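Peer 1: My structure is stored as entry.tsv, with TSV, C-alpha atoms.
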chain	number	residue	atom	x	y	z
A	133	MET	CA	6.77	-7.97	-6.36
A	134	ASN	CA	5.47	-5.55	-8.98
A	135	ALA	CA	7.44	-2.70	-10.49
A	136	THR	CA	5.86	0.13	-8.45
A	137	ASN	CA	8.31	2.93	-7.75
A	138	ARG	CA	7.77	2.98	-4.01
A	139	VAL	CA	10.05	5.91	-3.21
A	140	LEU	CA	8.20	8.11	-5.69
A	141	SER	CA	4.77	7.19	-4.37
A	142	ARG	CA	5.91	7.63	-0.79
A	143	VAL	CA	7.30	11.09	-1.52
A	144	ALA	CA	4.08	12.00	-3.34
A	145	LEU	CA	2.03	10.80	-0.36
A	146	VAL	CA	4.07	12.78	2.15
A	147	VAL	CA	3.99	15.98	0.09
A	148	THR	CA	0.24	15.73	-0.62
A	149	GLY	CA	-0.53	14.83	2.98
A	150	LEU	CA	1.54	17.68	4.35
A	151	ALA	CA	-0.05	20.19	1.95
A	152	LEU	CA	-3.60	19.08	2.81
A	153	PHE	CA	-2.84	19.06	6.53
A	154	VAL	CA	-1.36	22.57	6.49
A	155	LEU	CA	-4.24	23.83	4.34
A	156	GLY	CA	-6.88	22.35	6.64
A	157	VAL	CA	-5.28	23.58	9.84
A	158	ALA	CA	-4.74	27.05	8.34
A	159	THR	CA	-8.40	27.24	7.29
A	160	VAL	CA	-9.58	26.40	10.80
A	161	LEU	CA	-7.15	28.89	12.38
A	162	VAL	CA	-8.10	31.76	10.05
A	163	GLN	CA	-11.76	31.16	10.85
A	164	THR	CA	-11.35	30.94	14.62
A	165	VAL	CA	-8.27	32.95	15.71
A	166	PRO	CA	-8.38	36.73	15.03
A	167	TRP	CA	-4.58	37.04	14.97
A	168	ALA	CA	-4.34	34.37	12.25
A	169	ALA	CA	-7.09	36.12	10.29
A	170	ASP	CA	-5.12	39.40	10.33
A	171	ARG	CA	-1.99	37.66	9.07
A	172	TRP	CA	-4.06	35.94	6.37
A	173	HIS	CA	-5.54	39.26	5.19
A	174	ASP	CA	-2.09	40.86	4.83
A	175	ALA	CA	-0.65	37.87	2.97
A	176	ALA	CA	-3.70	37.11	0.82
A	177	ARG	CA	-4.21	40.69	-0.36
A	178	ALA	CA	-0.65	40.79	-1.66
A	179	ALA	CA	-0.62	37.29	-3.16
A	180	LEU	CA	-4.18	36.78	-4.37
A	181	GLY	CA	-5.23	40.37	-5.09
A	182	ASP	CA	-4.76	40.02	-8.86
A	183	LEU	CA	-7.08	37.00	-8.91
A	184	GLY	CA	-9.97	39.02	-7.47
A	185	ALA	CA	-12.79	40.81	-9.25
A	186	ASP	CA	-11.39	44.32	-8.67
A	187	ALA	CA	-8.03	43.69	-10.32
A	188	PRO	CA	-7.20	45.44	-13.60
A	189	HIS	CA	-7.82	43.29	-16.67
A	190	GLU	CA	-4.17	42.81	-17.71
A	191	ALA	CA	-3.03	41.78	-14.23
A	192	ALA	CA	-5.99	39.43	-13.80
A	193	ILE	CA	-5.25	37.60	-17.07
A	194	ALA	CA	-1.58	37.16	-16.11
A	195	ALA	CA	-2.44	35.91	-12.63
A	196	TRP	CA	-5.02	33.40	-13.89
A	197	ALA	CA	-2.57	32.22	-16.55
A	198	TRP	CA	-0.21	31.30	-13.71
A	199	VAL	CA	-3.08	29.41	-12.03
A	200	LEU	CA	-3.77	27.55	-15.27
A	201	GLY	CA	-0.10	26.64	-15.73
A	202	GLY	CA	0.27	25.50	-12.16
A	203	ALA	CA	-2.85	23.36	-12.35
A	204	VAL	CA	-1.72	21.67	-15.56
A	205	LEU	CA	1.70	20.99	-14.02
A	206	LEU	CA	0.08	19.56	-10.89
A	207	GLY	CA	-2.17	17.30	-12.97
A	208	VAL	CA	0.76	16.03	-15.04
A	209	LEU	CA	2.78	15.28	-11.89
A	210	ALA	CA	-0.17	13.35	-10.43
A	211	LEU	CA	-0.48	11.33	-13.65
A	212	VAL	CA	3.27	10.60	-13.63
A	213	VAL	CA	3.01	9.22	-10.08
A	214	LEU	CA	-0.09	7.18	-11.00
A	215	SER	CA	1.62	5.71	-14.06
A	216	GLY	CA	4.48	4.53	-11.84
A	217	LEU	CA	2.19	2.13	-9.98
A	218	GLY	CA	1.97	-1.59	-10.73
A	219	GLY	CA	3.24	-3.34	-13.80
A	220	GLY	CA	6.28	-5.53	-14.19
A	221	ARG	CA	4.60	-8.80	-15.19
A	222	ALA	CA	6.48	-10.74	-17.81
A	223	GLY	CA	5.25	-13.27	-20.34
A	224	THR	CA	8.52	-15.06	-20.99
A	225	VAL	CA	11.01	-16.63	-18.63
A	226	VAL	CA	14.01	-17.11	-20.88
A	227	GLU	CA	14.86	-15.39	-24.13
A	228	ASP	CA	18.25	-16.40	-25.51
A	229	ASP	CA	19.76	-16.27	-28.98
A	230	GLY	CA	22.56	-18.64	-28.06
A	231	SER	CA	26.25	-18.20	-28.72
A	232	ALA	CA	27.39	-15.82	-31.43
A	233	ALA	CA	28.91	-18.61	-33.51
A	234	GLY	CA	25.88	-20.89	-33.23
A	235	LEU	CA	22.86	-21.30	-35.44
A	236	PRO	CA	20.69	-18.25	-36.03
A	237	GLY	CA	17.46	-18.23	-34.05
A	238	VAL	CA	16.08	-17.56	-30.59
A	239	VAL	CA	15.07	-19.80	-27.74
A	240	ARG	CA	12.10	-18.46	-25.85
A	241	ILE	CA	10.52	-20.18	-22.86
A	242	ASP	CA	7.05	-18.96	-22.08
A	243	ALA	CA	5.95	-18.14	-18.53
A	244	ALA	CA	3.09	-20.62	-18.91
A	245	ALA	CA	5.50	-23.53	-19.39
A	246	VAL	CA	7.26	-22.84	-16.10
A	247	GLN	CA	3.96	-22.16	-14.37
A	248	HIS	CA	2.60	-25.56	-15.42
A	249	ALA	CA	5.78	-27.40	-14.48
A	250	LEU	CA	5.97	-25.80	-11.03
A	251	SER	CA	2.25	-26.06	-10.37
A	252	SER	CA	2.18	-29.80	-10.91
A	253	ALA	CA	5.37	-30.34	-8.90
A	254	VAL	CA	4.55	-28.08	-5.96
A	255	GLY	CA	0.83	-28.91	-6.01
A	256	ALA	CA	1.65	-32.59	-5.45
A	257	MET	CA	3.04	-31.81	-1.99
A	258	PRO	CA	0.64	-32.96	0.76
A	259	GLN	CA	1.13	-29.74	2.77
A	260	VAL	CA	0.02	-27.49	-0.07
A	261	ALA	CA	-3.64	-26.49	-0.34
A	262	SER	CA	-3.35	-24.16	-3.31
A	263	LEU	CA	-0.68	-22.25	-5.16
A	264	ALA	CA	-0.05	-19.66	-7.85
A	265	VAL	CA	3.05	-19.07	-9.94
A	266	ASP	CA	3.78	-15.89	-11.87
A	267	VAL	CA	6.73	-14.26	-13.58
A	268	HIS	CA	7.85	-10.69	-12.89
A	269	ARG	CA	10.60	-8.42	-14.03
A	270	VAL	CA	12.89	-7.45	-11.14
A	271	ARG	CA	15.94	-5.25	-11.78
A	272	GLY	CA	15.80	-6.05	-15.46
A	273	ARG	CA	15.79	-9.79	-14.87
A	274	ARG	CA	12.99	-12.32	-14.87
A	275	ALA	CA	12.01	-13.63	-11.46
A	276	LEU	CA	9.49	-16.22	-10.38
A	277	ARG	CA	7.01	-15.86	-7.57
A	278	ILE	CA	5.57	-19.02	-6.08
A	279	ARG	CA	2.71	-18.28	-3.69
A	280	VAL	CA	1.86	-21.32	-1.62
A	281	ARG	CA	-1.13	-21.54	0.68
A	282	PRO	CA	-0.32	-24.43	3.00
A	283	ARG	CA	-2.77	-26.55	4.94
A	284	LYS	CA	-3.34	-25.68	8.59
A	285	GLY	CA	-0.34	-26.53	10.74
A	286	ALA	CA	2.06	-27.28	7.90
A	287	SER	CA	5.68	-26.56	8.74
A	288	PRO	CA	7.00	-23.63	6.67
A	289	ARG	CA	10.52	-25.07	6.82
A	290	GLU	CA	9.34	-28.36	5.30
A	291	VAL	CA	7.52	-26.50	2.54
A	292	THR	CA	10.63	-24.41	1.84
A	293	THR	CA	12.92	-27.43	1.69
A	294	ARG	CA	10.62	-29.25	-0.74
A	295	VAL	CA	10.28	-26.17	-2.96
A	296	GLU	CA	14.07	-25.73	-2.91
A	297	GLU	CA	14.44	-29.24	-4.32
A	298	ILE	CA	11.84	-28.58	-6.99
A	299	VAL	CA	13.50	-25.29	-7.95
A	300	ALA	CA	16.86	-27.08	-8.19
A	301	ASP	CA	15.26	-29.42	-10.73
A	302	LEU	CA	13.90	-26.40	-12.59
A	303	ASP	CA	17.41	-24.86	-12.67
A	304	ALA	CA	18.72	-28.03	-14.28
A	305	LEU	CA	15.89	-27.90	-16.81
A	306	LEU	CA	16.40	-24.24	-17.72
A	307	GLY	CA	20.19	-24.42	-17.64
A	308	GLY	CA	20.67	-21.65	-15.10
A	309	PRO	CA	19.31	-20.29	-11.85
A	310	LEU	CA	16.31	-17.99	-11.94
A	311	PRO	CA	15.61	-15.74	-8.94
A	312	VAL	CA	12.65	-17.19	-7.03
A	313	LEU	CA	10.45	-15.71	-4.33
A	314	LEU	CA	8.54	-18.21	-2.22
A	315	GLU	CA	5.57	-16.68	-0.46
A	316	ILE	CA	3.93	-18.86	2.17
A	317	ALA	CA	0.57	-17.19	2.64
A	318	ARG	CA	-2.40	-17.69	4.90
A	319	GLY	CA	-5.91	-18.62	3.89
A	320	GLY	CA	-7.02	-19.90	0.55
A	321	ALA	CA	-9.09	-22.86	-0.53
A	322	GLY	CA	-8.55	-26.02	1.50
A	323	SER	CA	-6.22	-24.43	4.04
A	324	SER	CA	-8.69	-24.88	6.89
A	325	ARG	CA	-8.40	-28.65	6.58
A	326	PRO	CA	-5.48	-29.80	8.70
A	327	ASP	CA	-2.51	-31.51	7.20
A	328	ARG	CA	-3.14	-35.24	6.85
A	329	VAL	CA	-1.24	-37.69	8.99
A	330	ARG	CA	1.76	-39.05	7.14
T	264	MET	CA	27.05	-9.39	-2.30
T	265	THR	CA	26.01	-12.11	-4.70
T	266	GLU	CA	23.21	-11.78	-7.17
T	267	HIS	CA	20.93	-13.98	-5.06
T	268	ASP	CA	21.53	-11.77	-2.03
T	269	ALA	CA	20.77	-8.60	-3.97
T	270	PHE	CA	17.54	-10.06	-5.34
T	271	ALA	CA	16.49	-11.46	-1.96
T	272	CYS	CA	17.31	-8.21	-0.18
T	273	ARG	CA	15.21	-6.10	-2.52
T	274	VAL	CA	12.29	-8.47	-2.88
T	275	LEU	CA	12.06	-9.35	0.82
T	276	ARG	CA	12.12	-5.69	1.84
T	277	ARG	CA	9.26	-5.01	-0.56
T	278	GLU	CA	7.30	-8.08	0.46
T	279	THR	CA	7.46	-7.31	4.18
T	280	HIS	CA	6.27	-3.71	3.78
T	281	GLU	CA	3.06	-2.18	2.50
T	282	SER	CA	3.10	-0.78	-1.02
T	283	ARG	CA	0.80	2.20	-0.15
T	284	SER	CA	-0.56	2.09	-3.68
T	285	VAL	CA	-4.18	2.52	-2.59
T	286	SER	CA	-3.48	5.68	-0.59
T	287	THR	CA	-1.26	6.98	-3.39
T	288	VAL	CA	-4.09	6.52	-5.90
T	289	VAL	CA	-6.51	8.34	-3.57
T	290	ALA	CA	-4.06	11.21	-3.03
T	291	MET	CA	-3.31	11.58	-6.75
T	292	LEU	CA	-7.01	11.51	-7.64
T	293	LEU	CA	-7.57	14.30	-5.09
T	294	LEU	CA	-4.78	16.32	-6.72
T	295	LEU	CA	-6.27	15.69	-10.16
T	296	VAL	CA	-9.68	16.96	-8.99
T	297	VAL	CA	-8.06	20.11	-7.53
T	298	ALA	CA	-6.06	20.66	-10.72
T	299	ALA	CA	-9.14	20.18	-12.90
T	300	ALA	CA	-11.10	22.67	-10.77
T	301	ALA	CA	-8.31	25.25	-11.11
T	302	VAL	CA	-8.16	24.75	-14.88
T	303	VAL	CA	-11.92	25.20	-15.19
T	304	ALA	CA	-11.79	28.34	-13.03
T	305	ALA	CA	-8.98	29.86	-15.10
T	306	VAL	CA	-10.78	29.12	-18.38
T	307	LEU	CA	-13.97	30.68	-17.01
T	308	VAL	CA	-12.07	33.85	-16.13
T	309	PHE	CA	-10.45	33.99	-19.58
T	310	LEU	CA	-13.84	33.65	-21.28
T	311	ASP	CA	-15.47	35.99	-18.75
T	312	GLN	CA	-18.15	33.41	-17.99
T	313	ARG	CA	-19.70	32.11	-14.81
T	314	VAL	CA	-20.89	28.64	-13.79
T	315	VAL	CA	-24.24	28.38	-11.96
T	316	GLY	CA	-23.95	32.09	-11.24
T	317	VAL	CA	-20.54	31.88	-9.54
T	318	ASP	CA	-17.56	33.88	-10.75
T	319	PRO	CA	-14.19	32.35	-9.72
T	320	ARG	CA	-12.92	35.86	-9.00
T	321	ALA	CA	-15.70	36.38	-6.45
T	322	VAL	CA	-14.73	33.10	-4.77
T	323	VAL	CA	-11.14	34.35	-4.42
T	324	ASP	CA	-12.40	37.66	-2.99
T	325	ALA	CA	-14.50	35.79	-0.42
T	326	ALA	CA	-11.48	33.68	0.57
T	327	VAL	CA	-9.27	36.77	0.93
T	328	ALA	CA	-11.89	38.44	3.13
T	329	ALA	CA	-12.23	35.38	5.39
T	330	PRO	CA	-13.49	34.96	8.03
T	331	ARG	CA	-15.91	37.79	7.20
T	332	GLY	CA	-19.07	36.64	5.47
T	333	LEU	CA	-18.44	32.92	5.86
T	334	ASP	CA	-20.39	30.37	7.90
T	335	PRO	CA	-17.97	29.33	10.69
T	336	THR	CA	-19.43	25.82	11.09
T	337	VAL	CA	-19.02	24.97	7.42
T	338	VAL	CA	-15.51	26.45	7.16
T	339	VAL	CA	-14.24	24.79	10.35
T	340	GLY	CA	-15.87	21.50	9.35
T	341	VAL	CA	-14.34	21.48	5.87
T	342	GLY	CA	-10.96	22.58	7.24
T	343	ALA	CA	-11.00	19.81	9.84
T	344	VAL	CA	-11.86	17.17	7.23
T	345	VAL	CA	-9.09	18.38	4.89
T	346	ALA	CA	-6.57	18.41	7.76
T	347	PHE	CA	-7.63	14.89	8.79
T	348	VAL	CA	-7.27	13.51	5.26
T	349	GLY	CA	-3.84	15.16	5.05
T	350	LEU	CA	-2.82	13.64	8.38
T	351	VAL	CA	-3.90	10.15	7.26
T	352	LEU	CA	-1.95	10.43	4.00
T	353	LEU	CA	1.06	11.79	5.86
T	354	ALA	CA	0.94	8.90	8.32
T	355	LYS	CA	0.65	6.40	5.47
T	356	GLY	CA	3.72	7.92	3.87
T	357	LEU	CA	5.86	8.23	6.99
T	358	LEU	CA	5.04	5.13	9.07
T	359	PRO	CA	7.10	2.03	8.28
T	360	GLY	CA	4.04	0.07	7.15
T	361	ARG	CA	5.25	-3.37	8.13
T	362	ARG	CA	3.16	-6.32	7.10
T	363	PRO	CA	2.62	-9.21	9.53
T	364	ARG	CA	5.24	-11.38	7.89
T	365	HIS	CA	8.60	-12.92	8.61
T	366	THR	CA	11.34	-14.00	6.25
T	367	MET	CA	13.22	-17.27	6.30
T	368	PRO	CA	16.84	-17.69	5.23
T	369	SER	CA	17.43	-19.97	2.26
T	370	ASP	CA	20.38	-20.50	-0.05
T	371	ARG	CA	18.31	-20.63	-3.18
T	372	LEU	CA	14.99	-18.88	-2.54
T	373	ALA	CA	13.77	-15.64	-1.05
T	374	VAL	CA	11.14	-16.78	1.43
T	375	VAL	CA	8.40	-14.79	3.18
T	376	VAL	CA	5.90	-16.39	5.55
T	377	ASP	CA	2.65	-14.90	6.81
T	378	ASP	CA	2.56	-14.73	10.60
T	379	GLU	CA	-0.69	-16.68	10.59
T	380	VAL	CA	1.08	-19.63	9.00
T	381	LEU	CA	3.80	-19.46	11.66
T	382	ALA	CA	1.13	-19.34	14.37
T	383	SER	CA	-0.62	-22.41	13.08
T	384	ALA	CA	2.71	-24.26	12.77
T	385	ALA	CA	3.48	-23.34	16.39
T	386	ALA	CA	0.05	-24.54	17.50
T	387	ARG	CA	0.53	-27.80	15.63
T	388	ALA	CA	3.94	-28.36	17.24
T	389	ALA	CA	2.54	-27.74	20.72
T	390	ARG	CA	-0.38	-30.01	20.01
T	391	GLY	CA	1.90	-32.81	18.92
T	392	ALA	CA	3.77	-32.65	22.23
T	393	THR	CA	0.66	-32.51	24.43
T	394	ARG	CA	-1.96	-34.63	22.64
T	395	LEU	CA	-4.54	-31.89	23.00
T	396	GLY	CA	-7.36	-31.49	20.50
T	397	PRO	CA	-7.09	-29.09	17.58
T	398	ASP	CA	-9.27	-26.43	19.26
T	399	ALA	CA	-7.38	-26.60	22.57
T	400	VAL	CA	-4.21	-24.90	21.30
T	401	VAL	CA	-4.11	-21.34	19.98
T	402	GLY	CA	-0.99	-19.68	18.61
T	403	THR	CA	-0.38	-15.99	17.95
T	404	VAL	CA	2.72	-14.53	16.37
T	405	GLY	CA	3.94	-10.97	16.86
T	406	ARG	CA	7.04	-9.42	15.40
T	407	ARG	CA	9.37	-10.88	18.03
T	408	THR	CA	7.17	-13.24	20.02
T	409	VAL	CA	5.13	-16.35	19.51
T	410	ASP	CA	2.46	-17.00	22.12
T	411	VAL	CA	0.94	-20.43	22.47
T	412	VAL	CA	-2.02	-20.86	24.79
T	413	LEU	CA	-3.01	-24.36	25.87
T	414	ARG	CA	-6.57	-24.82	27.02
T	415	PRO	CA	-6.87	-28.38	28.31
T	416	ALA	CA	-10.11	-29.87	29.56
T	417	ALA	CA	-10.70	-29.35	33.27
T	418	GLY	CA	-8.59	-31.67	35.39
T	419	VAL	CA	-6.23	-32.73	32.61
T	420	ASP	CA	-2.54	-32.24	33.27
T	421	VAL	CA	-0.56	-30.74	30.37
T	422	PRO	CA	3.19	-31.09	29.84
T	423	ALA	CA	3.76	-27.38	29.22
T	424	VAL	CA	7.55	-27.74	29.21
T	425	ALA	CA	7.39	-30.38	26.50
T	426	ALA	CA	5.10	-28.10	24.51
T	427	LYS	CA	7.57	-25.21	24.84
T	428	ASP	CA	10.41	-27.47	23.72
T	429	ALA	CA	8.40	-28.55	20.69
T	430	VAL	CA	7.61	-24.95	19.73
T	431	ASP	CA	11.26	-23.95	20.23
T	432	ARG	CA	12.41	-26.85	18.04
T	433	GLU	CA	9.95	-25.85	15.34
T	434	PHE	CA	11.16	-22.24	15.31
T	435	ASP	CA	14.82	-23.25	15.54
T	436	ALA	CA	14.30	-25.21	12.34
T	437	MET	CA	12.57	-22.25	10.66
T	438	ASP	CA	15.08	-19.65	11.84
T	439	VAL	CA	12.74	-16.78	10.97
T	440	VAL	CA	13.93	-13.17	10.66
T	441	PRO	CA	13.34	-11.17	12.86
T	442	ALA	CA	13.86	-13.94	15.42
T	443	VAL	CA	10.91	-14.74	17.65
T	444	HIS	CA	10.84	-15.77	21.28
T	445	ALA	CA	8.40	-18.54	22.21
T	446	ARG	CA	6.11	-18.43	25.23
T	447	VAL	CA	3.75	-21.22	26.20
T	448	ARG	CA	0.97	-20.63	28.72
T	449	VAL	CA	-1.58	-23.02	30.13
T	450	GLN	CA	-4.91	-21.34	30.58
T	451	PRO	CA	-5.92	-22.00	34.20
T	452	THR	CA	-9.64	-22.00	33.50
T	453	GLY	CA	-10.20	-25.48	32.10
T	454	ARG	CA	-12.90	-26.32	29.63
T	455	VAL	CA	-15.63	-28.85	30.27
T	456	ASP	CA	-16.14	-30.18	26.75
T	457	GLY	CA	-12.49	-31.30	26.26
Take the structure in the file and write it out as structure tokens.

Peer 2:
Amino acid sequence: MNATNRVLSRVALVVTGLALFVLGVATVLVQTVPWAADRWHDAARAALGDLGADAPHEAAIAAWAWVLGGAVLLGVLALVVLSGLGGGRAGTVVEDDGSAAGLPGVVRIDAAAVQHALSSAVGAMPQVASLAVDVHRVRGRRALRIRVRPRKGASPREVTTRVEEIVADLDALLGGPLPVLLEIARGGAGSSRPDRVR
Amino acid sequence: MTEHDAFACRVLRRETHESRSVSTVVAMLLLLVVAAAAVVAAVLVFLDQRVVGVDPRAVVDAAVAAPRGLDPTVVVGVGAVVAFVGLVLLAKGLLPGRRPRHTMPSDRLAVVVDDEVLASAAARAARGATRLGPDAVVGTVGRRTVDVVLRPAAGVDVPAVAAKDAVDREFDAMDVVPAVHARVRVQPTGRVDG
């Protein structure tokens, strides 16, 4: 539920993977197949000749300047992709300055308030072994994630129905609906104990 | 499309697929190492220096002259490793990367459920219909199937049809997406401890 740009990281993965794969296969071919080695010699002498030790000084400086520029560009692109990972947590749930004609001031509801309210309400359910609530920013809006780890054998539909009721109460409290993701996850403390007979 | 639908659509798609952030970090760190090496090499050439007796220009000459003067085992080994890493990253990027999860329709919430939770709910439903012990029923959930295996004690008769009905009822109530088809089997080799 974080703000990772998945398309960007997927494109970066495919491009990097393809480049490494082609490079590796080409290396093996040049070493083992004479025909590939001939092609490599023709291409490399034209493309990499200026980078070698025998090149004239002027040409060598220009060629290595291109290498330097390309490397810096590559590094910056990698950092851009890395900086696009993760993030998107939010500390407030509601931030509202009210109607234009009203009193000056801002109403701000902290994430912790909603976390506490939901934790005590959802945690009281007999099917729930443990839970976590956090607030994220999704498409510019605040959204809640409730991660419930139910006891063994608990019915996911029952859990969902109960959480729906609790979220309806929360809507009434906050004065408007907030997007909510309910994640019913495996494992966690106390989940190996079966649900108690009710 | 309402706002709830748009939110649910986006979030559920993301929650049921891998984020690939680990492989992306690995790939980008590899690129950073390559870029740093190239920068160092270029600076060495500009300053006309060498590091541990190696001139970057000589390295390029050796590469251009390949395969002459290179150890075939080392070159083929390194090439194979690089190609393999590339293939793994490529696969990570291209494969759909589904997580073992299902979604459940809801008017108010976006709901994802781990398949393990569904499996244990199926096992509990079957157990309730057959009065078997907790260890005697095992559920497994695939993308479109739920398999429940009943292992009764030797000589005990199990109402397998009732168990299938119970599992079907449970999954009808959940209405998971993608829909799953229930199968209940009784393991013919009974247990003694039952």

Peer 1: Between T:Leu413, T:Val317, T:Val424, T:Leu381, single out the one closest to Ser287 of chain A, counting all atoms listed in the file.

Peer 2: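 Counting all atoms listed in the file, the residue closest to Ser287 of chain A is T:Leu381.
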
Peer 1: Would you mind telling me which residue in T:Gly396, T:Gly340, T:Gly402, T:Pro330 lies nearest to chain A when using all atoms listed in the file?

Peer 2: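 Among the listed residues, the smallest separation from chain A belongs to T:Pro330.
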
Peer 1: Enter the distance from atom CA of Val289 of chain T to atom CA of Leu161 of chain A, in Å, rounded to one decimal.

Peer 2: 26.0 Å

Peer 1: What is the distance, in Å and to one decimal place, between atom CA of Thr408 of chain T and atom CA of Leu314 of chain A?

Peer 2: 22.8 Å

Peer 1: Atom CA of Ala445 of chain T and atom CA of Val430 of chain T, how far apart in Å?

Peer 2: 6.9 Å

Peer 1: I need the residue nearest Thr452 of chain T from this list: T:Arg414, T:Arg331, T:Arg390, T:Arg432. Use only C-alpha atoms for the distance.

Peer 2: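 Closest residue, counting only C-alpha atoms: T:Arg414.
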
Peer 1: Find the residue from T:Val348, T:Val297, T:Ala373, T:Leu310 that sits nearest to Val295 of chain A; use only C-alpha atoms when measuring.

Peer 2: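 Under the stated criterion, the closest residue is T:Ala373.
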
Peer 1: Which residue gives the smallest distance to Val162 of chain A among T:Ala442, T:Val375, T:Val327, T:Leu293, with all atoms listed in the file counted?

Peer 2: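 So, comparing all the options, the nearest one is T:Val327.
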
Peer 1: Show which residues sit within 8 Å of segment 271-284 of chain T, as a ChimeraX atom specification. Count all atoms listed in the file, and ignore same-chain residues fewer than 6 positions away.

Peer 2: /A:133,136,138,141-142,217,313 /T:355-356,359-366,372-375

Peer 1: Counting all atoms listed in the file, which of T:Val288, T:Val419, T:Ala300, T:Val323 gets nearest to Asp182 of chain A?

Peer 2: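 That would be T:Val323, the residue with the smallest distance to Asp182 of chain A.
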
Peer 1: Compile the contact shell of Ala436 of chain T as an MDAnalysis selection string: residues with an atom at most 10 Å away, counting all atoms listed in the file, same-chain residues fewer than 2 positions apart removed.

Peer 2: (chainID A and resid 287:290) or (chainID T and resid 430:434 438:439)

Peer 1: Any chance you can output those residues with C-alpha atoms as a JSON list (two decimals), in the frame of the given file?

Peer 2:
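What follows is the written file again10.json:
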[["chain", "number", "residue", "atom", "x", "y", "z"],
["A", 287, "SER", "CA", 5.68, -26.56, 8.74],
["A", 288, "PRO", "CA", 7.00, -23.63, 6.67],
["A", 289, "ARG", "CA", 10.52, -25.07, 6.82],
["A", 290, "GLU", "CA", 9.34, -28.36, 5.30],
["T", 430, "VAL", "CA", 7.61, -24.95, 19.73],
["T", 431, "ASP", "CA", 11.26, -23.95, 20.23],
["T", 432, "ARG", "CA", 12.41, -26.85, 18.04],
["T", 433, "GLU", "CA", 9.95, -25.85, 15.34],
["T", 434, "PHE", "CA", 11.16, -22.24, 15.31],
["T", 438, "ASP", "CA", 15.08, -19.65, 11.84],
["T", 439, "VAL", "CA", 12.74, -16.78, 10.97]]

Peer 1: Please list as a list of chain:residue names every residue within 12 Å of Gly255 of chain A, counting only C-alpha atoms and excluding residues in the same chain fewer than 5 positions away.

Peer 2: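 Selected residues are A:Gln247, A:His248, A:Ala249, A:Leu250, A:Val260, A:Ala261, A:Ser262, A:Leu263, A:Ala264, A:Val265, A:Ile278, A:Arg279, A:Val280, A:Arg281, A:Pro282, A:Arg283, A:Val291, A:Arg294, A:Val295, A:Ile298.
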
Peer 1: Tell me, as a list of chain:residue names, which residues lie within 10 Å of Asp266 of chain A, counting all atoms listed in the file; anything in the same chain fewer than 5 positions away does not count.

Peer 2: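 Contacts, in chain order: A:Arg221, A:Ala222, A:Gly223, A:Val225, A:Ala243, A:Ala244, A:Val246, A:Gln247, A:Ala275, A:Leu276, A:Arg277, A:Ile278, A:Arg279.
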
Peer 1: Export, as an mmCIF file, keeping the file's coordinate frame, the selected residues with C-alpha atoms.

Peer 2:
data_model
loop_
_atom_site.group_PDB
_atom_site.id
_atom_site.type_symbol
_atom_site.label_atom_id
_atom_site.label_comp_id
_atom_site.auth_asym_id
_atom_site.auth_seq_id
_atom_site.Cartn_x
_atom_site.Cartn_y
_atom_site.Cartn_z
ATOM 1 C CA ARG A 221 4.600 -8.800 -15.190
ATOM 2 C CA ALA A 222 6.480 -10.740 -17.810
ATOM 3 C CA GLY A 223 5.250 -13.270 -20.340
ATOM 4 C CA VAL A 225 11.010 -16.630 -18.630
ATOM 5 C CA ALA A 243 5.950 -18.140 -18.530
ATOM 6 C CA ALA A 244 3.090 -20.620 -18.910
ATOM 7 C CA VAL A 246 7.260 -22.840 -16.100
ATOM 8 C CA GLN A 247 3.960 -22.160 -14.370
ATOM 9 C CA ALA A 275 12.010 -13.630 -11.460
ATOM 10 C CA LEU A 276 9.490 -16.220 -10.380
ATOM 11 C CA ARG A 277 7.010 -15.860 -7.570
ATOM 12 C CA ILE A 278 5.570 -19.020 -6.080
ATOM 13 C CA ARG A 279 2.710 -18.280 -3.690
#

Peer 1: Around the point (1.4, 11.0, -6.3), in the coordinates given by the file, pick out the residues reaching within 8 Å, counting only C-alpha atoms, and return them as a list in words.

Peer 2: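 Applying the cut-off with only C-alpha atoms, one gets Leu140, Ser141, Arg142, Val143, Ala144, Leu145, Thr148, Leu209, Ala210, Leu211, Val212, Val213 and Leu214 of chain A; Thr287, Val288, Ala290 and Met291 of chain T.
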
Peer 1: Could you list, as a list in words, every residue within 8 Å of Val199 of chain A, counting only C-alpha atoms and ignoring same-chain residues fewer than 5 positions away?

Peer 2: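 These residues fall inside the cut-off: Ala301, Val302 and Ala305 of chain T.
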
Peer 1: Give me segment 215-219 of chain A with N, CA and C atoms filled in, as a PDB file, in the coordinates of the input.

Peer 2:
ATOM      1  N   SER A 215       1.132   6.646 -13.048  1.00  0.00           N
ATOM      2  CA  SER A 215       1.620   5.710 -14.060  1.00  0.00           C
ATOM      3  C   SER A 215       2.778   4.876 -13.541  1.00  0.00           C
ATOM      4  N   GLY A 216       3.385   5.308 -12.420  1.00  0.00           N
ATOM      5  CA  GLY A 216       4.480   4.530 -11.840  1.00  0.00           C
ATOM      6  C   GLY A 216       4.027   3.369 -10.996  1.00  0.00           C
ATOM      7  N   LEU A 217       2.707   3.203 -10.840  1.00  0.00           N
ATOM      8  CA  LEU A 217       2.190   2.130  -9.980  1.00  0.00           C
ATOM      9  C   LEU A 217       2.031   0.845 -10.788  1.00  0.00           C
ATOM     10  N   GLY A 218       2.263  -0.284 -10.128  1.00  0.00           N
ATOM     11  CA  GLY A 218       1.970  -1.590 -10.730  1.00  0.00           C
ATOM     12  C   GLY A 218       2.868  -1.918 -11.899  1.00  0.00           C
ATOM     13  N   GLY A 219       2.474  -2.922 -12.631  1.00  0.00           N
ATOM     14  CA  GLY A 219       3.240  -3.340 -13.800  1.00  0.00           C
ATOM     15  C   GLY A 219       4.372  -4.270 -13.438  1.00  0.00           C
TER      16      GLY A 219
END
